[in-house]
Structures are given as C-alpha cells and as structure tokens.
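Shown next: input28.pdb, containing PDB, C-alpha atoms.
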ATOM      1  CA  MET A  70     -12.833  25.868 -15.742  1.00  0.00           C
ATOM      2  CA  LYS A  71     -14.916  27.749 -13.237  1.00  0.00           C
ATOM      3  CA  LYS A  72     -18.013  27.295 -15.382  1.00  0.00           C
ATOM      4  CA  TYR A  73     -18.226  23.538 -14.852  1.00  0.00           C
ATOM      5  CA  PRO A  74     -16.764  22.816 -11.394  1.00  0.00           C
ATOM      6  CA  LEU A  75     -19.029  19.889 -10.585  1.00  0.00           C
ATOM      7  CA  LEU A  76     -18.354  18.298 -13.957  1.00  0.00           C
ATOM      8  CA  LEU A  77     -14.628  18.692 -13.481  1.00  0.00           C
ATOM      9  CA  THR A  78     -14.798  17.200 -10.011  1.00  0.00           C
ATOM     10  CA  ALA A  79     -16.644  14.130 -11.246  1.00  0.00           C
ATOM     11  CA  ALA A  80     -13.911  13.527 -13.816  1.00  0.00           C
ATOM     12  CA  ALA A  81     -11.104  13.468 -11.290  1.00  0.00           C
ATOM     13  CA  LEU A  82     -10.752   9.742 -10.669  1.00  0.00           C
ATOM     14  CA  CYS A  83     -10.588   8.468 -14.181  1.00  0.00           C
ATOM     15  CA  GLY A  84     -11.385  10.955 -16.911  1.00  0.00           C
ATOM     16  CA  SER A  85     -11.026  14.361 -18.438  1.00  0.00           C
ATOM     17  CA  ILE A  86     -13.901  16.831 -18.806  1.00  0.00           C
ATOM     18  CA  LEU A  87     -12.689  19.663 -20.953  1.00  0.00           C
ATOM     19  CA  THR A  88     -15.579  21.446 -22.633  1.00  0.00           C
ATOM     20  CA  ALA A  89     -19.351  21.445 -22.560  1.00  0.00           C
ATOM     21  CA  HIS A  90     -20.202  18.430 -24.716  1.00  0.00           C
ATOM     22  CA  ALA A  91     -23.172  16.346 -23.622  1.00  0.00           C
ATOM     23  CA  ASP A  92     -23.043  12.571 -23.205  1.00  0.00           C
ATOM     24  CA  GLU A  93     -19.343  11.839 -23.682  1.00  0.00           C
ATOM     25  CA  THR A  94     -17.091   9.095 -22.388  1.00  0.00           C
ATOM     26  CA  TYR A  95     -13.483   9.629 -21.287  1.00  0.00           C
ATOM     27  CA  LYS A  96     -10.712   7.247 -20.276  1.00  0.00           C
ATOM     28  CA  ILE A  97      -7.888   7.323 -17.773  1.00  0.00           C
ATOM     29  CA  ASP A  98      -4.339   7.232 -19.167  1.00  0.00           C
ATOM     30  CA  PRO A  99      -2.634   4.486 -17.108  1.00  0.00           C
ATOM     31  CA  VAL A 100       0.788   5.246 -18.571  1.00  0.00           C
ATOM     32  CA  HIS A 101       0.850   8.705 -16.979  1.00  0.00           C
ATOM     33  CA  SER A 102      -1.222   7.978 -13.875  1.00  0.00           C
ATOM     34  CA  SER A 103      -0.561   6.171 -10.607  1.00  0.00           C
ATOM     35  CA  ILE A 104      -2.369   4.603  -7.667  1.00  0.00           C
ATOM     36  CA  SER A 105      -0.088   4.509  -4.645  1.00  0.00           C
ATOM     37  CA  PHE A 106      -0.474   3.734  -0.951  1.00  0.00           C
ATOM     38  CA  LYS A 107       1.463   3.619   2.284  1.00  0.00           C
ATOM     39  CA  VAL A 108       0.940   1.616   5.450  1.00  0.00           C
ATOM     40  CA  ARG A 109       2.716   1.509   8.782  1.00  0.00           C
ATOM     41  CA  HIS A 110       5.319  -1.253   9.246  1.00  0.00           C
ATOM     42  CA  PHE A 111       6.602  -1.330  12.843  1.00  0.00           C
ATOM     43  CA  PHE A 112       7.931   2.234  13.311  1.00  0.00           C
ATOM     44  CA  SER A 113       8.069   3.382   9.692  1.00  0.00           C
ATOM     45  CA  TYR A 114       6.029   3.118   6.483  1.00  0.00           C
ATOM     46  CA  VAL A 115       6.051   0.815   3.476  1.00  0.00           C
ATOM     47  CA  ASN A 116       5.020   2.353   0.148  1.00  0.00           C
ATOM     48  CA  GLY A 117       3.425   0.513  -2.735  1.00  0.00           C
ATOM     49  CA  SER A 118       1.314   0.898  -5.836  1.00  0.00           C
ATOM     50  CA  PHE A 119      -0.938  -0.917  -8.274  1.00  0.00           C
ATOM     51  CA  ARG A 120       0.487  -1.147 -11.789  1.00  0.00           C
ATOM     52  CA  LYS A 121      -2.584  -2.183 -13.778  1.00  0.00           C
ATOM     53  CA  PHE A 122      -5.838  -0.225 -13.713  1.00  0.00           C
ATOM     54  CA  GLU A 123      -8.382   1.380 -15.990  1.00  0.00           C
ATOM     55  CA  GLY A 124     -11.396   3.610 -15.748  1.00  0.00           C
ATOM     56  CA  THR A 125     -14.112   5.418 -17.652  1.00  0.00           C
ATOM     57  CA  ILE A 126     -16.443   8.312 -17.044  1.00  0.00           C
ATOM     58  CA  HIS A 127     -19.752   9.100 -18.696  1.00  0.00           C
ATOM     59  CA  VAL A 128     -20.429  12.829 -18.801  1.00  0.00           C
ATOM     60  CA  GLU A 129     -23.743  14.657 -18.858  1.00  0.00           C
ATOM     61  CA  SER A 130     -22.543  18.249 -18.967  1.00  0.00           C
ATOM     62  CA  ASP A 131     -26.033  19.761 -18.670  1.00  0.00           C
ATOM     63  CA  HIS A 132     -26.520  17.791 -15.454  1.00  0.00           C
ATOM     64  CA  PRO A 133     -23.006  17.112 -14.096  1.00  0.00           C
ATOM     65  CA  GLU A 134     -24.385  15.585 -10.912  1.00  0.00           C
ATOM     66  CA  LYS A 135     -25.643  12.736 -13.105  1.00  0.00           C
ATOM     67  CA  SER A 136     -22.178  11.960 -14.483  1.00  0.00           C
ATOM     68  CA  SER A 137     -20.702   8.597 -13.527  1.00  0.00           C
ATOM     69  CA  VAL A 138     -17.204   7.291 -12.789  1.00  0.00           C
ATOM     70  CA  ASN A 139     -16.022   3.687 -12.769  1.00  0.00           C
ATOM     71  CA  ALA A 140     -12.519   2.350 -12.113  1.00  0.00           C
ATOM     72  CA  VAL A 141     -11.047  -1.152 -11.942  1.00  0.00           C
ATOM     73  CA  ILE A 142      -7.692  -2.111 -10.394  1.00  0.00           C
ATOM     74  CA  GLN A 143      -6.041  -5.487 -10.999  1.00  0.00           C
ATOM     75  CA  THR A 144      -5.286  -6.755  -7.486  1.00  0.00           C
ATOM     76  CA  ALA A 145      -2.356  -8.945  -8.553  1.00  0.00           C
ATOM     77  CA  SER A 146      -0.563  -5.883  -9.947  1.00  0.00           C
ATOM     78  CA  ILE A 147       0.355  -4.749  -6.421  1.00  0.00           C
ATOM     79  CA  ASP A 148       4.010  -3.713  -6.231  1.00  0.00           C
ATOM     80  CA  THR A 149       5.935  -2.760  -3.092  1.00  0.00           C
ATOM     81  CA  GLY A 150       9.385  -3.298  -4.571  1.00  0.00           C
ATOM     82  CA  ASN A 151       9.894  -6.656  -2.849  1.00  0.00           C
ATOM     83  CA  ASP A 152       8.894  -9.891  -4.597  1.00  0.00           C
ATOM     84  CA  LYS A 153       8.409 -11.954  -1.438  1.00  0.00           C
ATOM     85  CA  ARG A 154       6.273  -9.282   0.221  1.00  0.00           C
ATOM     86  CA  ASP A 155       4.208  -8.870  -2.943  1.00  0.00           C
ATOM     87  CA  GLU A 156       3.575 -12.628  -3.043  1.00  0.00           C
ATOM     88  CA  ASP A 157       2.365 -12.429   0.566  1.00  0.00           C
ATOM     89  CA  LEU A 158       0.069  -9.522  -0.260  1.00  0.00           C
ATOM     90  CA  ARG A 159      -1.446 -11.471  -3.169  1.00  0.00           C
ATOM     91  CA  SER A 160      -2.018 -14.518  -0.966  1.00  0.00           C
ATOM     92  CA  ALA A 161      -5.109 -15.454   1.054  1.00  0.00           C
ATOM     93  CA  ASP A 162      -3.538 -13.827   4.139  1.00  0.00           C
ATOM     94  CA  PHE A 163      -4.106 -10.431   2.562  1.00  0.00           C
ATOM     95  CA  PHE A 164      -5.760  -9.486  -0.754  1.00  0.00           C
ATOM     96  CA  ASP A 165      -6.363 -13.061  -1.975  1.00  0.00           C
ATOM     97  CA  ALA A 166      -5.909 -11.979  -5.582  1.00  0.00           C
ATOM     98  CA  ALA A 167      -6.894 -15.414  -6.911  1.00  0.00           C
ATOM     99  CA  GLN A 168     -10.370 -15.160  -5.379  1.00  0.00           C
ATOM    100  CA  PHE A 169     -10.742 -11.366  -5.626  1.00  0.00           C
ATOM    101  CA  PRO A 170      -8.879 -10.356  -8.810  1.00  0.00           C
ATOM    102  CA  THR A 171     -10.148  -6.772  -8.947  1.00  0.00           C
ATOM    103  CA  ILE A 172     -10.702  -3.731  -6.757  1.00  0.00           C
ATOM    104  CA  THR A 173     -13.442  -1.454  -8.064  1.00  0.00           C
ATOM    105  CA  PHE A 174     -14.815   2.027  -7.474  1.00  0.00           C
ATOM    106  CA  LYS A 175     -18.213   3.230  -8.678  1.00  0.00           C
ATOM    107  CA  SER A 176     -19.312   6.800  -8.017  1.00  0.00           C
ATOM    108  CA  LYS A 177     -22.675   7.702  -6.506  1.00  0.00           C
ATOM    109  CA  SER A 178     -22.560  11.491  -6.014  1.00  0.00           C
ATOM    110  CA  VAL A 179     -20.437  14.580  -6.586  1.00  0.00           C
ATOM    111  CA  LYS A 180     -20.119  17.647  -4.344  1.00  0.00           C
ATOM    112  CA  GLN A 181     -18.141  20.835  -5.010  1.00  0.00           C
ATOM    113  CA  ASN A 182     -16.255  22.363  -2.073  1.00  0.00           C
ATOM    114  CA  GLY A 183     -13.987  24.842  -3.863  1.00  0.00           C
ATOM    115  CA  PRO A 184     -13.321  26.391  -7.291  1.00  0.00           C
ATOM    116  CA  ASP A 185     -11.021  23.521  -8.301  1.00  0.00           C
ATOM    117  CA  SER A 186     -11.817  20.889  -5.693  1.00  0.00           C
ATOM    118  CA  GLY A 187     -14.613  18.610  -4.645  1.00  0.00           C
ATOM    119  CA  ASP A 188     -15.680  15.268  -3.245  1.00  0.00           C
ATOM    120  CA  ILE A 189     -16.727  12.133  -5.106  1.00  0.00           C
ATOM    121  CA  THR A 190     -18.657   9.641  -3.016  1.00  0.00           C
ATOM    122  CA  GLY A 191     -19.009   6.080  -4.227  1.00  0.00           C
ATOM    123  CA  ASP A 192     -18.687   2.381  -3.497  1.00  0.00           C
ATOM    124  CA  LEU A 193     -15.245   0.827  -3.116  1.00  0.00           C
ATOM    125  CA  THR A 194     -15.255  -2.958  -3.418  1.00  0.00           C
ATOM    126  CA  MET A 195     -12.155  -4.783  -2.224  1.00  0.00           C
ATOM    127  CA  HIS A 196     -11.582  -8.332  -1.002  1.00  0.00           C
ATOM    128  CA  GLY A 197     -15.282  -9.041  -1.563  1.00  0.00           C
ATOM    129  CA  VAL A 198     -16.433  -6.190   0.708  1.00  0.00           C
ATOM    130  CA  THR A 199     -18.197  -3.044  -0.515  1.00  0.00           C
ATOM    131  CA  ARG A 200     -18.087   0.173   1.508  1.00  0.00           C
ATOM    132  CA  GLU A 201     -18.903   3.757   0.702  1.00  0.00           C
ATOM    133  CA  ILE A 202     -15.940   6.139   0.653  1.00  0.00           C
ATOM    134  CA  THR A 203     -15.357   9.760  -0.331  1.00  0.00           C
ATOM    135  CA  LEU A 204     -12.528  10.763  -2.651  1.00  0.00           C
ATOM    136  CA  ARG A 205     -11.103  14.242  -2.190  1.00  0.00           C
ATOM    137  CA  VAL A 206     -10.209  15.741  -5.531  1.00  0.00           C
ATOM    138  CA  LYS A 207      -7.993  18.607  -6.710  1.00  0.00           C
ATOM    139  CA  PHE A 208      -7.905  19.818 -10.319  1.00  0.00           C
ATOM    140  CA  LEU A 209      -4.327  20.590 -11.438  1.00  0.00           C
ATOM    141  CA  GLY A 210      -4.801  22.018 -14.934  1.00  0.00           C
ATOM    142  CA  LYS A 211      -5.487  21.167 -18.581  1.00  0.00           C
ATOM    143  CA  GLY A 212      -4.149  21.722 -22.073  1.00  0.00           C
ATOM    144  CA  LYS A 213      -2.912  19.901 -25.172  1.00  0.00           C
ATOM    145  CA  GLY A 214      -0.703  16.852 -24.819  1.00  0.00           C
ATOM    146  CA  MET A 215       2.146  15.606 -26.999  1.00  0.00           C
ATOM    147  CA  GLY A 216      -0.269  14.094 -29.505  1.00  0.00           C
ATOM    148  CA  GLY A 217      -2.200  17.332 -29.843  1.00  0.00           C
ATOM    149  CA  HIS A 218      -5.322  16.083 -28.073  1.00  0.00           C
ATOM    150  CA  ALA A 219      -6.638  17.408 -24.786  1.00  0.00           C
ATOM    151  CA  ILE A 220      -5.351  16.197 -21.417  1.00  0.00           C
ATOM    152  CA  SER A 221      -5.957  17.257 -17.827  1.00  0.00           C
ATOM    153  CA  GLY A 222      -4.377  16.558 -14.451  1.00  0.00           C
ATOM    154  CA  TRP A 223      -5.913  15.606 -11.105  1.00  0.00           C
ATOM    155  CA  GLN A 224      -4.868  14.578  -7.626  1.00  0.00           C
ATOM    156  CA  VAL A 225      -7.124  12.329  -5.558  1.00  0.00           C
ATOM    157  CA  THR A 226      -6.789  11.227  -1.927  1.00  0.00           C
ATOM    158  CA  THR A 227      -8.969   8.942   0.152  1.00  0.00           C
ATOM    159  CA  GLY A 228      -8.097   9.725   3.748  1.00  0.00           C
ATOM    160  CA  PRO A 229      -7.124   6.683   5.841  1.00  0.00           C
ATOM    161  CA  LEU A 230      -8.804   3.412   4.865  1.00  0.00           C
ATOM    162  CA  LYS A 231      -8.981   0.786   7.613  1.00  0.00           C
ATOM    163  CA  ARG A 232      -7.899  -2.490   6.061  1.00  0.00           C
ATOM    164  CA  SER A 233      -9.875  -4.597   8.544  1.00  0.00           C
ATOM    165  CA  ASP A 234     -13.066  -2.951   7.220  1.00  0.00           C
ATOM    166  CA  TYR A 235     -12.436  -4.922   4.022  1.00  0.00           C
ATOM    167  CA  GLY A 236     -11.630  -8.235   5.683  1.00  0.00           C
ATOM    168  CA  LEU A 237      -7.866  -7.718   5.521  1.00  0.00           C
ATOM    169  CA  THR A 238      -7.412  -8.801   9.109  1.00  0.00           C
ATOM    170  CA  TRP A 239      -3.963 -10.420   9.191  1.00  0.00           C
ATOM    171  CA  SER A 240      -2.252  -9.191  12.348  1.00  0.00           C
ATOM    172  CA  LYS A 241       0.904  -9.946  14.292  1.00  0.00           C
ATOM    173  CA  THR A 242       2.767  -8.135  17.039  1.00  0.00           C
ATOM    174  CA  VAL A 243       6.377  -8.254  18.146  1.00  0.00           C
ATOM    175  CA  GLU A 244       6.918  -7.170  21.739  1.00  0.00           C
ATOM    176  CA  GLY A 245       3.613  -5.320  21.627  1.00  0.00           C
ATOM    177  CA  THR A 246       4.248  -3.486  18.335  1.00  0.00           C
ATOM    178  CA  ALA A 247       2.055  -4.214  15.318  1.00  0.00           C
ATOM    179  CA  VAL A 248       3.938  -5.527  12.304  1.00  0.00           C
ATOM    180  CA  VAL A 249       1.393  -3.974   9.913  1.00  0.00           C
ATOM    181  CA  GLY A 250      -0.766  -0.957  10.724  1.00  0.00           C
ATOM    182  CA  GLN A 251      -4.524  -0.759  10.267  1.00  0.00           C
ATOM    183  CA  ASP A 252      -4.747   2.542   8.356  1.00  0.00           C
ATOM    184  CA  VAL A 253      -3.803   2.753   4.692  1.00  0.00           C
ATOM    185  CA  GLU A 254      -3.332   6.122   2.962  1.00  0.00           C
ATOM    186  CA  VAL A 255      -4.048   6.205  -0.776  1.00  0.00           C
ATOM    187  CA  THR A 256      -3.022   8.834  -3.338  1.00  0.00           C
ATOM    188  CA  ILE A 257      -4.127   8.760  -6.965  1.00  0.00           C
ATOM    189  CA  GLU A 258      -2.410  10.885  -9.613  1.00  0.00           C
ATOM    190  CA  VAL A 259      -4.428  11.102 -12.811  1.00  0.00           C
ATOM    191  CA  GLU A 260      -3.605  12.294 -16.292  1.00  0.00           C
ATOM    192  CA  ALA A 261      -6.878  12.189 -18.178  1.00  0.00           C
ATOM    193  CA  ASP A 262      -6.537  11.649 -21.917  1.00  0.00           C
ATOM    194  CA  LYS A 263      -9.322  12.477 -24.323  1.00  0.00           C
ATOM    195  CA  ALA A 264      -8.118  10.804 -27.486  1.00  0.00           C
ATOM    196  CA  PRO A 265     -10.042  11.463 -30.711  1.00  0.00           C
ATOM    197  CA  ASN A 266     -11.858   8.110 -30.502  1.00  0.00           C
ATOM    198  CA  ALA A 267     -12.232   7.971 -26.685  1.00  0.00           C
TER     199      ALA A 267
END

If you took the structure in this file and wrote it as structure tokens, what would it be?
Amino acid sequence: MKKYPLLLTAAALCGSILTAHADETYKIDPVHSSISFKVRHFFSYVNGSFRKFEGTIHVESDHPEKSSVNAVIQTASIDTGNDKRDEDLRSADFFDAAQFPTITFKSKSVKQNGPDSGDITGDLTMHGVTREITLRVKFLGKGKGMGGHAISGWQVTTGPLKRSDYGLTWSKTVEGTAVVGQDVEVTIEVEADKAPNA
C-alpha cells in the first residue's frame, strides 16, 4: 500500500488500484457504495443520497499522476425519503433533472498528503455549471471479496459546496430564517470492485 500512495489516492472516487499493473481500468461497485449529502433546513439538517451512479478510472501505475477518474450521477435518482420533496428537488426550482440529467466529476490532478490519504482535484459539473473542487480521500483497506476477486474501500468528502455556485438559487425565509441552507456537505463511501473482466 505504501508503495503506490498517489495511485491509491487517484482511485478513491470510483475505482480500485490494487497492484502495479500498467494501463488498467477499474469500476465502482454501486451496490456497495453510496453518495450522500446533508443540507440545513431551518434549525436542523435534511439528509439525502443519489441512488444511481457509475464511474471508471484509467490507471498508469508507472506515472500515477497521469491516472484519470470519471464519475456520473443520475440527477433524478435523488432520494431524501420524502416523495414530494424529491419531486421538488428534481424540478426546475432546484436540480432541473429534465434539463440536466447528470452530475459529473472528472479529475485533473492528484496530490498525496498522508500515507493513506490525499486530494483529488477535478471539475464538478452540476446544473449546467462546471467548477473545480477538491475531494479529500481516505483509504480504508483492501482484500478479497465474496466472489474471490479484489476489492478495496475508500471514504471521500468534499467540504461544503455552496449550492448557489451551481445555479441552485431557490431561497425563502420564514421570520428571517432560511428554509434551505446554502452549504451542502457530501460524503462518498466507495467499495471498488476489480472483477476479472473489469
């Protein structure tokens, strides 16, 4: 693990880098992974997630800084546990899933900041707006999965994302208190699955 820290960091969002094999492609396992968020609602928080997403990573182990990560989230798969609220979030007042059906991330650079941690900087495109963000990544471990092939675990956080930066500007106050907060905290839990034909 310590031998390829940059390579491991680059894999964190949507893939599994397990050994030194040049020019390989890995896929996220959506069944055992999650993309969740929370946002302020009046004086508490509402939690939600996206249920449909996928991602790939191309690995150049000899030059890990040249590895690339891509992920795609289906906007309409947003789920906060309330049908009416989810319909509102899919509408033009918020994500406008009909016009902007996907949220994407494409990496641009990788930087190690610890033995099992690092930063992935890339472009996040949401609601038709592209901005550069940095994902903070922690490697959780690796080994064989139930099917006998290699898997690895990762935790990824974004730090607060300001929704108005992406054109999500709906706002309302009640007696001076915002109904929906500006900052959104995102946590991504990844199980990376390197199947034999991945």

Residues matched by the PyMOL selection byres ((chain A and resi 98) around 8) as a count of residues only: 11

Proximity to Ala247 of chain A - best of A:Ser113, A:Thr144, A:Ser105, A:Thr94, all atoms listed in the file: A:Ser113

Residues matched by the PyMOL selection byres ((chain A and resi 222) around 8), written as an MDAnalysis selection string: chainID A and resid 208:211 220:221 223:224 258:261

Expansion of the PyMOL selection byres ((chain A and resi 229-239) around 6) into residues, as a list in words: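 That selection, the PyMOL selection byres ((chain A and resi 229-239) around 6), comes back as Phe163, Val198, Gly228, Ser240, Gln251, Asp252, Val253 and Glu254 of chain A.
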
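Pairwise distance (atom CA of Arg109 of chain A, atom CA of Val249 of chain A) equals 5.8 Å.
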
Non-local contacts of Lys177 of chain A (9 Å; all atoms listed in the file; under 4 positions in same chain excluded) as a list in words: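 Contacts, with the query itself left out: Lys135, Ser137, Val138, Ile189, Thr190, Gly191 and Asp192 of chain A.
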
Nearest to Val255 of chain A, chosen from A:Asn151, A:Asn116, A:Thr199, A:Ser186, with only C-alpha atoms counted in the distances: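 Among the listed residues, A:Asn116 lies closest to Val255 of chain A.
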
Protein/DNA/RNA residues near (-10.7, 9.5, -0.2), cut 8 Å, only C-alpha atoms, as a list of chain:residue names: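 Applying the cut-off with only C-alpha atoms, one gets A:Ile202, A:Thr203, A:Leu204, A:Arg205, A:Val225, A:Thr226, A:Thr227, A:Gly228, A:Pro229, A:Val255.
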
Could you write out as AutoDock Vina command-line options the box around segment 230-239 of chain A (axis-aligned, all atoms listed in the file, 3 Å on each side), with centre and edge lengths in Å to one decimal?
--center_x -8.5 --center_y -3.5 --center_z 6.6 --size_x 15.1 --size_y 19.8 --size_z 11.2

Interatomic distance, atom CA of Phe174 of chain A to atom CA of Phe106 of chain A (Å, one decimal): 15.8 Å

Minimum-distance residue to Gly245 of chain A, chosen among A:His218, A:Phe111, A:Gly187, A:Gly197 (using all atoms listed in the file): A:Phe111

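Of the listed residues A:Ile104, A:Gly250, A:Ser160, A:Lys263, the one whose atoms come nearest to Ile172 of chain A is A:Ile104, with distances taken using all atoms listed in the file.
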
Of the listed residues A:Ser118, A:Ser103, A:Thr194, A:Thr246, that which approaches Leu158 of chain A most closely, counting all atoms listed in the file: A:Ser118

Minimum-distance residue to Asp188 of chain A, chosen among A:Ile147, A:Asp152, A:Arg120, A:Val206 (using only C-alpha atoms):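 Result for the nearest residue to Asp188 of chain A: A:Val206.
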
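In this structure, atom CA of Asn139 of chain A sits 18.9 Å away from atom CA of Gln181 of chain A.
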
Could you extract segment 244-265 of chain A of the given structure into a file holding N, CA and C atoms, as a PDB file, in the first residue's frame?
ATOM      1  N   GLU A 244     -39.762  34.339   8.853  1.00  0.00           N
ATOM      2  CA  GLU A 244     -39.381  35.149  10.010  1.00  0.00           C
ATOM      3  C   GLU A 244     -37.863  35.286  10.108  1.00  0.00           C
ATOM      4  N   GLY A 245     -37.236  35.508   8.967  1.00  0.00           N
ATOM      5  CA  GLY A 245     -35.800  35.753   8.925  1.00  0.00           C
ATOM      6  C   GLY A 245     -34.919  34.521   8.902  1.00  0.00           C
ATOM      7  N   THR A 246     -35.490  33.335   8.957  1.00  0.00           N
ATOM      8  CA  THR A 246     -34.712  32.090   8.943  1.00  0.00           C
ATOM      9  C   THR A 246     -34.817  31.420   7.580  1.00  0.00           C
ATOM     10  N   ALA A 247     -33.679  31.066   7.005  1.00  0.00           N
ATOM     11  CA  ALA A 247     -33.670  30.417   5.694  1.00  0.00           C
ATOM     12  C   ALA A 247     -34.295  29.036   5.777  1.00  0.00           C
ATOM     13  N   VAL A 248     -35.161  28.735   4.807  1.00  0.00           N
ATOM     14  CA  VAL A 248     -35.772  27.410   4.747  1.00  0.00           C
ATOM     15  C   VAL A 248     -34.723  26.369   4.383  1.00  0.00           C
ATOM     16  N   VAL A 249     -33.876  26.700   3.397  1.00  0.00           N
ATOM     17  CA  VAL A 249     -32.821  25.793   2.936  1.00  0.00           C
ATOM     18  C   VAL A 249     -31.482  26.514   3.019  1.00  0.00           C
ATOM     19  N   GLY A 250     -30.484  25.874   3.601  1.00  0.00           N
ATOM     20  CA  GLY A 250     -29.170  26.474   3.727  1.00  0.00           C
ATOM     21  C   GLY A 250     -28.417  26.510   2.410  1.00  0.00           C
ATOM     22  N   GLN A 251     -27.342  27.277   2.381  1.00  0.00           N
ATOM     23  CA  GLN A 251     -26.507  27.394   1.190  1.00  0.00           C
ATOM     24  C   GLN A 251     -25.483  26.263   1.075  1.00  0.00           C
ATOM     25  N   ASP A 252     -24.903  25.838   2.193  1.00  0.00           N
ATOM     26  CA  ASP A 252     -23.813  24.869   2.168  1.00  0.00           C
ATOM     27  C   ASP A 252     -24.334  23.438   2.192  1.00  0.00           C
ATOM     28  N   VAL A 253     -23.759  22.622   1.323  1.00  0.00           N
ATOM     29  CA  VAL A 253     -24.126  21.209   1.235  1.00  0.00           C
ATOM     30  C   VAL A 253     -22.876  20.378   1.510  1.00  0.00           C
ATOM     31  N   GLU A 254     -22.964  19.456   2.458  1.00  0.00           N
ATOM     32  CA  GLU A 254     -21.849  18.569   2.790  1.00  0.00           C
ATOM     33  C   GLU A 254     -22.070  17.220   2.119  1.00  0.00           C
ATOM     34  N   VAL A 255     -21.047  16.729   1.433  1.00  0.00           N
ATOM     35  CA  VAL A 255     -21.152  15.490   0.665  1.00  0.00           C
ATOM     36  C   VAL A 255     -20.159  14.464   1.201  1.00  0.00           C
ATOM     37  N   THR A 256     -20.616  13.229   1.364  1.00  0.00           N
ATOM     38  CA  THR A 256     -19.761  12.112   1.753  1.00  0.00           C
ATOM     39  C   THR A 256     -19.966  10.969   0.769  1.00  0.00           C
ATOM     40  N   ILE A 257     -18.870  10.413   0.290  1.00  0.00           N
ATOM     41  CA  ILE A 257     -18.928   9.317  -0.671  1.00  0.00           C
ATOM     42  C   ILE A 257     -18.215   8.110  -0.068  1.00  0.00           C
ATOM     43  N   GLU A 258     -18.938   7.000   0.044  1.00  0.00           N
ATOM     44  CA  GLU A 258     -18.368   5.748   0.522  1.00  0.00           C
ATOM     45  C   GLU A 258     -18.213   4.828  -0.681  1.00  0.00           C
ATOM     46  N   VAL A 259     -17.011   4.356  -0.911  1.00  0.00           N
ATOM     47  CA  VAL A 259     -16.730   3.589  -2.123  1.00  0.00           C
ATOM     48  C   VAL A 259     -16.221   2.191  -1.781  1.00  0.00           C
ATOM     49  N   GLU A 260     -16.840   1.191  -2.377  1.00  0.00           N
ATOM     50  CA  GLU A 260     -16.237  -0.135  -2.458  1.00  0.00           C
ATOM     51  C   GLU A 260     -15.870  -0.344  -3.912  1.00  0.00           C
ATOM     52  N   ALA A 261     -14.582  -0.467  -4.159  1.00  0.00           N
ATOM     53  CA  ALA A 261     -14.062  -0.578  -5.516  1.00  0.00           C
ATOM     54  C   ALA A 261     -13.889  -2.049  -5.854  1.00  0.00           C
ATOM     55  N   ASP A 262     -14.444  -2.459  -6.970  1.00  0.00           N
ATOM     56  CA  ASP A 262     -14.532  -3.875  -7.331  1.00  0.00           C
ATOM     57  C   ASP A 262     -13.778  -4.107  -8.626  1.00  0.00           C
ATOM     58  N   LYS A 263     -12.703  -4.856  -8.533  1.00  0.00           N
ATOM     59  CA  LYS A 263     -11.962  -5.218  -9.745  1.00  0.00           C
ATOM     60  C   LYS A 263     -12.352  -6.628 -10.132  1.00  0.00           C
ATOM     61  N   ALA A 264     -13.426  -6.714 -10.909  1.00  0.00           N
ATOM     62  CA  ALA A 264     -13.875  -8.008 -11.420  1.00  0.00           C
ATOM     63  C   ALA A 264     -12.921  -8.502 -12.486  1.00  0.00           C
ATOM     64  N   PRO A 265     -12.930  -9.800 -12.791  1.00  0.00           N
ATOM     65  CA  PRO A 265     -11.969 -10.347 -13.750  1.00  0.00           C
ATOM     66  C   PRO A 265     -11.988  -9.642 -15.106  1.00  0.00           C
TER      67      PRO A 265
END
